[in-house]
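Dropping work.tsv in here (TSV, C-alpha atoms):
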chain	number	residue	atom	x	y	z
W	1	MET	CA	0.75	-26.84	-29.19
W	2	ASN	CA	-1.85	-26.59	-31.94
W	3	ILE	CA	-4.61	-25.86	-29.39
W	4	ILE	CA	-2.51	-23.18	-27.71
W	5	LEU	CA	-2.00	-21.29	-30.97
W	6	LYS	CA	-5.58	-21.86	-32.08
W	7	ILE	CA	-6.96	-20.28	-28.86
W	8	LEU	CA	-5.69	-16.92	-30.13
W	9	HIS	CA	-7.98	-16.84	-33.16
W	10	LYS	CA	-10.58	-19.62	-32.70
W	11	PRO	CA	-11.37	-19.75	-28.97
W	12	THR	CA	-14.91	-21.08	-29.43
W	13	LEU	CA	-13.65	-24.07	-31.41
W	14	VAL	CA	-10.85	-24.75	-28.92
W	15	PHE	CA	-13.13	-24.64	-25.87
W	16	LYS	CA	-15.61	-26.98	-27.60
W	17	GLN	CA	-12.71	-29.41	-28.13
W	18	LEU	CA	-11.53	-28.99	-24.55
W	19	ASP	CA	-15.06	-29.65	-23.29
W	20	ASP	CA	-14.61	-33.26	-24.47
W	21	PHE	CA	-11.34	-33.78	-22.53
W	22	TYR	CA	-11.18	-35.71	-19.27
W	23	GLU	CA	-10.84	-33.67	-16.09
W	24	GLU	CA	-7.32	-35.02	-15.40
W	25	ASP	CA	-6.14	-33.95	-18.87
W	26	LEU	CA	-7.60	-30.47	-18.38
W	27	ASP	CA	-5.79	-30.14	-15.03
W	28	THR	CA	-2.48	-31.32	-16.49
W	29	ASN	CA	-2.70	-28.89	-19.41
W	30	SER	CA	-3.77	-26.02	-17.14
W	31	ASN	CA	-0.91	-26.60	-14.72
W	32	LEU	CA	1.60	-26.76	-17.56
W	33	ILE	CA	0.33	-23.56	-19.21
W	34	ALA	CA	0.25	-21.67	-15.88
W	35	LEU	CA	3.77	-22.88	-15.11
W	36	ILE	CA	5.08	-21.71	-18.50
W	37	VAL	CA	3.35	-18.32	-18.14
W	38	GLY	CA	4.78	-18.00	-14.63
W	39	CYS	CA	8.29	-18.77	-15.89
W	40	LEU	CA	7.91	-16.16	-18.64
W	41	VAL	CA	6.75	-13.59	-16.07
W	42	GLY	CA	9.78	-14.48	-13.91
W	43	LEU	CA	12.13	-14.13	-16.88
W	44	HIS	CA	10.64	-10.74	-17.68
W	45	SER	CA	11.07	-9.66	-14.06
W	46	CYS	CA	14.72	-10.71	-14.10
W	47	TYR	CA	15.25	-8.89	-17.38
W	48	ALA	CA	13.51	-5.73	-16.18
W	49	GLU	CA	15.27	-5.68	-12.81
W	50	PHE	CA	18.64	-7.01	-13.94
W	51	ASP	CA	20.55	-3.91	-12.84
W	52	ASN	CA	19.04	-4.14	-9.36
W	53	LEU	CA	19.76	-7.87	-9.20
W	54	LYS	CA	23.42	-7.22	-10.09
W	55	GLU	CA	23.64	-5.12	-6.91
W	56	LEU	CA	22.45	-8.11	-4.87
W	57	ALA	CA	24.68	-10.76	-6.38
W	58	SER	CA	27.24	-11.42	-9.08
W	59	GLY	CA	28.47	-14.40	-11.05
W	60	PHE	CA	26.93	-17.69	-10.00
W	61	GLY	CA	24.93	-15.95	-7.26
W	62	LEU	CA	23.24	-13.78	-9.89
W	63	ILE	CA	22.30	-16.85	-11.91
W	64	LEU	CA	20.94	-18.49	-8.76
W	65	VAL	CA	18.89	-15.38	-7.87
W	66	CYS	CA	17.43	-15.31	-11.41
W	67	ILE	CA	16.56	-19.01	-11.31
W	68	LEU	CA	14.93	-18.63	-7.89
W	69	SER	CA	13.02	-15.59	-9.15
W	70	VAL	CA	11.70	-17.54	-12.14
W	71	LEU	CA	10.69	-20.51	-9.97
W	72	LEU	CA	9.05	-18.29	-7.36
W	73	SER	CA	7.17	-16.40	-10.06
W	74	ALA	CA	5.99	-19.68	-11.62
W	75	GLY	CA	4.79	-20.92	-8.25
W	76	VAL	CA	2.92	-17.69	-7.50
W	77	ILE	CA	1.24	-17.66	-10.93
W	78	VAL	CA	0.14	-21.29	-10.53
W	79	LEU	CA	-1.19	-20.55	-7.03
W	80	ILE	CA	-3.09	-17.42	-8.07
W	81	TYR	CA	-4.57	-18.60	-11.36
W	82	ASN	CA	-4.96	-22.34	-10.80
W	83	TYR	CA	-6.30	-22.14	-7.27
W	84	ILE	CA	-7.32	-18.73	-5.90
W	85	LEU	CA	-9.00	-17.29	-9.00
W	86	THR	CA	-10.27	-20.70	-10.03
W	87	TYR	CA	-12.16	-21.23	-6.80
W	88	ILE	CA	-13.47	-17.64	-6.72
W	89	PHE	CA	-14.80	-18.01	-10.28
W	90	TYR	CA	-16.04	-21.54	-9.62
W	91	LEU	CA	-18.08	-20.45	-6.58
W	92	ILE	CA	-19.50	-17.46	-8.44
W	93	GLY	CA	-20.27	-19.72	-11.40
W	94	LYS	CA	-22.07	-22.24	-9.20
W	95	ALA	CA	-24.17	-19.41	-7.76
W	96	LEU	CA	-25.03	-18.45	-11.35
W	97	GLY	CA	-26.04	-22.01	-12.24
W	98	SER	CA	-22.83	-23.38	-13.78
W	99	LYS	CA	-22.85	-27.01	-14.87
W	100	GLY	CA	-19.04	-27.14	-15.01
W	101	VAL	CA	-16.52	-28.61	-12.60
W	102	VAL	CA	-13.45	-26.92	-11.10
W	103	ALA	CA	-11.25	-28.16	-13.98
W	104	ASP	CA	-13.51	-26.39	-16.49
W	105	THR	CA	-13.16	-23.07	-14.69
W	106	ARG	CA	-9.40	-23.55	-14.30
W	107	THR	CA	-9.08	-24.32	-18.02
W	108	ALA	CA	-10.97	-21.19	-19.06
W	109	ILE	CA	-8.81	-19.02	-16.79
W	110	VAL	CA	-5.46	-20.47	-17.81
W	111	TYR	CA	-6.15	-20.51	-21.55
W	112	SER	CA	-7.16	-16.86	-21.32
W	113	LEU	CA	-3.59	-16.11	-20.16
W	114	ILE	CA	-2.10	-17.12	-23.51
W	115	PRO	CA	-2.55	-13.69	-25.18
W	116	MET	CA	-0.82	-12.12	-22.19
W	117	THR	CA	2.34	-13.99	-23.12
W	118	LEU	CA	2.35	-11.84	-26.25
W	119	SER	CA	2.39	-8.76	-24.05
W	120	LEU	CA	5.49	-10.16	-22.32
W	121	VAL	CA	7.19	-10.42	-25.72
W	122	PHE	CA	6.15	-6.83	-26.40
W	123	LEU	CA	7.56	-5.74	-23.01
W	124	PHE	CA	10.88	-7.50	-23.79
W	125	ILE	CA	11.10	-5.55	-27.04
W	126	GLN	CA	10.16	-2.31	-25.32
W	127	GLY	CA	12.78	-2.92	-22.62
W	128	SER	CA	15.52	-3.27	-25.22
W	129	LEU	CA	14.69	0.06	-26.87
W	130	PRO	CA	16.81	3.09	-25.92
W	131	GLU	CA	15.41	5.12	-23.01
W	132	SER	CA	15.19	8.24	-25.16
W	133	LEU	CA	12.69	6.45	-27.39
W	134	THR	CA	10.62	4.86	-24.61
W	135	ALA	CA	10.28	8.16	-22.74
W	136	SER	CA	8.09	9.68	-25.45
W	137	LYS	CA	4.36	10.11	-24.93
W	138	ALA	CA	3.61	8.30	-28.18
W	139	ILE	CA	5.37	5.14	-26.94
W	140	PHE	CA	3.58	5.50	-23.59
W	141	TRP	CA	0.15	5.60	-25.25
W	142	LEU	CA	1.09	2.88	-27.74
W	143	THR	CA	2.21	0.62	-24.90
W	144	ASN	CA	-0.95	1.27	-22.90
W	145	GLY	CA	-3.12	0.79	-25.99
W	146	ILE	CA	-1.51	-2.54	-26.85
W	147	SER	CA	-1.81	-3.65	-23.22
W	148	LEU	CA	-5.51	-2.75	-23.21
W	149	VAL	CA	-6.15	-4.65	-26.46
W	150	ILE	CA	-4.35	-7.72	-25.10
W	151	TRP	CA	-6.28	-7.51	-21.82
W	152	LEU	CA	-9.59	-7.26	-23.71
W	153	TRP	CA	-8.53	-10.18	-25.90
W	154	SER	CA	-7.80	-12.25	-22.79
W	155	MET	CA	-11.11	-11.28	-21.17
W	156	THR	CA	-12.96	-12.24	-24.36
W	157	ILE	CA	-11.30	-15.66	-24.35
W	158	LEU	CA	-12.17	-16.04	-20.65
W	159	VAL	CA	-15.83	-15.18	-21.24
W	160	ILE	CA	-16.02	-17.60	-24.18
W	161	GLY	CA	-14.36	-20.34	-22.12
W	162	LEU	CA	-16.63	-19.87	-19.12
W	163	LYS	CA	-19.70	-19.75	-21.38
W	164	ILE	CA	-18.85	-23.00	-23.17
W	165	LEU	CA	-17.31	-25.02	-20.34
W	166	ASN	CA	-19.78	-23.95	-17.65
W	167	LYS	CA	-22.73	-24.18	-20.04
W	168	TYR	CA	-24.39	-20.84	-19.44
W	169	GLY	CA	-24.91	-17.61	-21.35
W	170	VAL	CA	-22.62	-14.70	-22.13
W	171	ILE	CA	-24.23	-12.42	-19.51
W	172	LYS	CA	-23.59	-14.95	-16.73
W	173	ALA	CA	-20.00	-15.42	-17.97
W	174	ILE	CA	-19.44	-11.65	-17.85
W	175	ILE	CA	-20.94	-11.47	-14.35
W	176	ASN	CA	-18.66	-14.37	-13.40
W	177	ILE	CA	-15.51	-12.41	-14.30
W	178	LEU	CA	-16.54	-9.15	-12.59
W	179	PRO	CA	-14.09	-9.70	-9.69
W	180	LEU	CA	-11.18	-9.17	-12.13
W	181	PRO	CA	-12.00	-5.57	-13.11
W	182	ILE	CA	-12.86	-4.78	-9.49
W	183	ILE	CA	-9.49	-6.15	-8.31
W	184	GLY	CA	-7.79	-4.23	-11.14
W	185	LEU	CA	-9.45	-0.97	-10.09
W	186	ILE	CA	-8.42	-1.52	-6.48
W	187	ILE	CA	-4.81	-2.10	-7.57
W	188	ILE	CA	-4.85	1.05	-9.72
W	189	LEU	CA	-6.29	3.09	-6.86
W	190	ILE	CA	-3.67	1.75	-4.44
W	191	ARG	CA	-0.89	2.45	-6.94
W	192	TYR	CA	-1.89	6.07	-7.49
W	193	MET	CA	-2.70	6.96	-3.89

Would you mind writing the file out in structure tokens?
Amino acid sequence: MNIILKILHKPTLVFKQLDDFYEEDLDTNSNLIALIVGCLVGLHSCYAEFDNLKELASGFGLILVCILSVLLSAGVIVLIYNYILTYIFYLIGKALGSKGVVADTRTAIVYSLIPMTLSLVFLFIQGSLPESLTASKAIFWLTNGISLVIWLWSMTILVIGLKILNKYGVIKAIINILPLPIIGLIIILIRYM
């Protein structure tokens, strides 16, 4: 738990400590963190879509739908971050001269998700505010600003992790994560088309 909290303010120190861990320990920690983040994302989805879920089921069925939603979300997060993105970044890293193994790349990716859990807490708080307050432009820009800061914080942690665990420079680490902004831009373009 100490390492998880320390990654928020001392990522260089944490990744230097993690660089000494065995590959099996890195994989175990990464799977656990991705699973917890996935469960939190699932809980947020249930909370945000609770009114719609009540139309699908009620009573025990509603509880079952929420549990299945959380488990499905956890599974998808683990699949995307621990496998798909890991292997994309690993292959790009190898092309850039990385000395790391798959577990190193997976660790950097998953630990960079930790600040995003803070954004989920922020979204829970925002969701509990009255609609009249959340409809204002100030709240809209505040929300987007906080989301951007958290995203940049996560990307900084990812770059630091890739740099330390893969044993190459900052420029190569930044080039290594370029698929993320490209995927993000594609999603934004699809959303607004």

Residues of segment 100-157 of chain W at most 8 Å from segment 17-39 of chain W: nearest atom pair and distance in Å, only C-alpha atoms, as a tab-separated table:
residue	atom	partner	partner_atom	distance
W:Ala103	CA	W:Asp27	CA	5.9
W:Asp104	CA	W:Leu26	CA	7.4
W:Arg106	CA	W:Ser30	CA	6.8
W:Thr107	CA	W:Ser30	CA	5.6
W:Val110	CA	W:Ser30	CA	5.8
W:Tyr111	CA	W:Ser30	CA	7.4
W:Leu113	CA	W:Val37	CA	7.6
W:Ile114	CA	W:Val37	CA	7.7
W:Thr117	CA	W:Val37	CA	6.7

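Atom pair atom CA of Gly42 of chain W / atom CA of Ser73 of chain W has a distance of 5.0 Å (rounded to one decimal).
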
Open item on the list: Counting all atoms listed in the file, which residue out of W:His44, W:Lys10, W:Lys163, W:Lys94 sits closest to Phe122 of chain W?
Closed with: W:His44

Might I get the box with edges along x, y and z of the file that holds all atoms of segment 137-145 of chain W listed there, padded by 4 Å on every side, given as centre and edge lengths in Å to one decimal, as JSON?
{"center_x": 1.1, "center_y": 5.4, "center_z": -25.5, "size_x": 16.5, "size_y": 17.5, "size_z": 13.3}

Task: Pick from W:Asn52, W:Ser98, W:Ser45, W:Ser119, whichever lies nearest to Leu162 of chain W using all atoms listed in the file - done: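 The closest residue to Leu162 of chain W is W:Ser98.
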
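Rounded to one decimal, atom CA of Ala173 of chain W and atom CA of Val159 of chain W lie 5.3 Å from each other.
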
Task: Leu5 of chain W environment, 10 Å, all atoms listed in the file, sequence neighbours closer than 6 positions dropped, as number ranges by chain - done: W: 11, 14, 114-115

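Distances from W:Val102, W:Ile160, W:Leu91, W:Leu120 to Ile7 of chain W were compared using only C-alpha atoms, and the smallest one belongs to W:Ile160.
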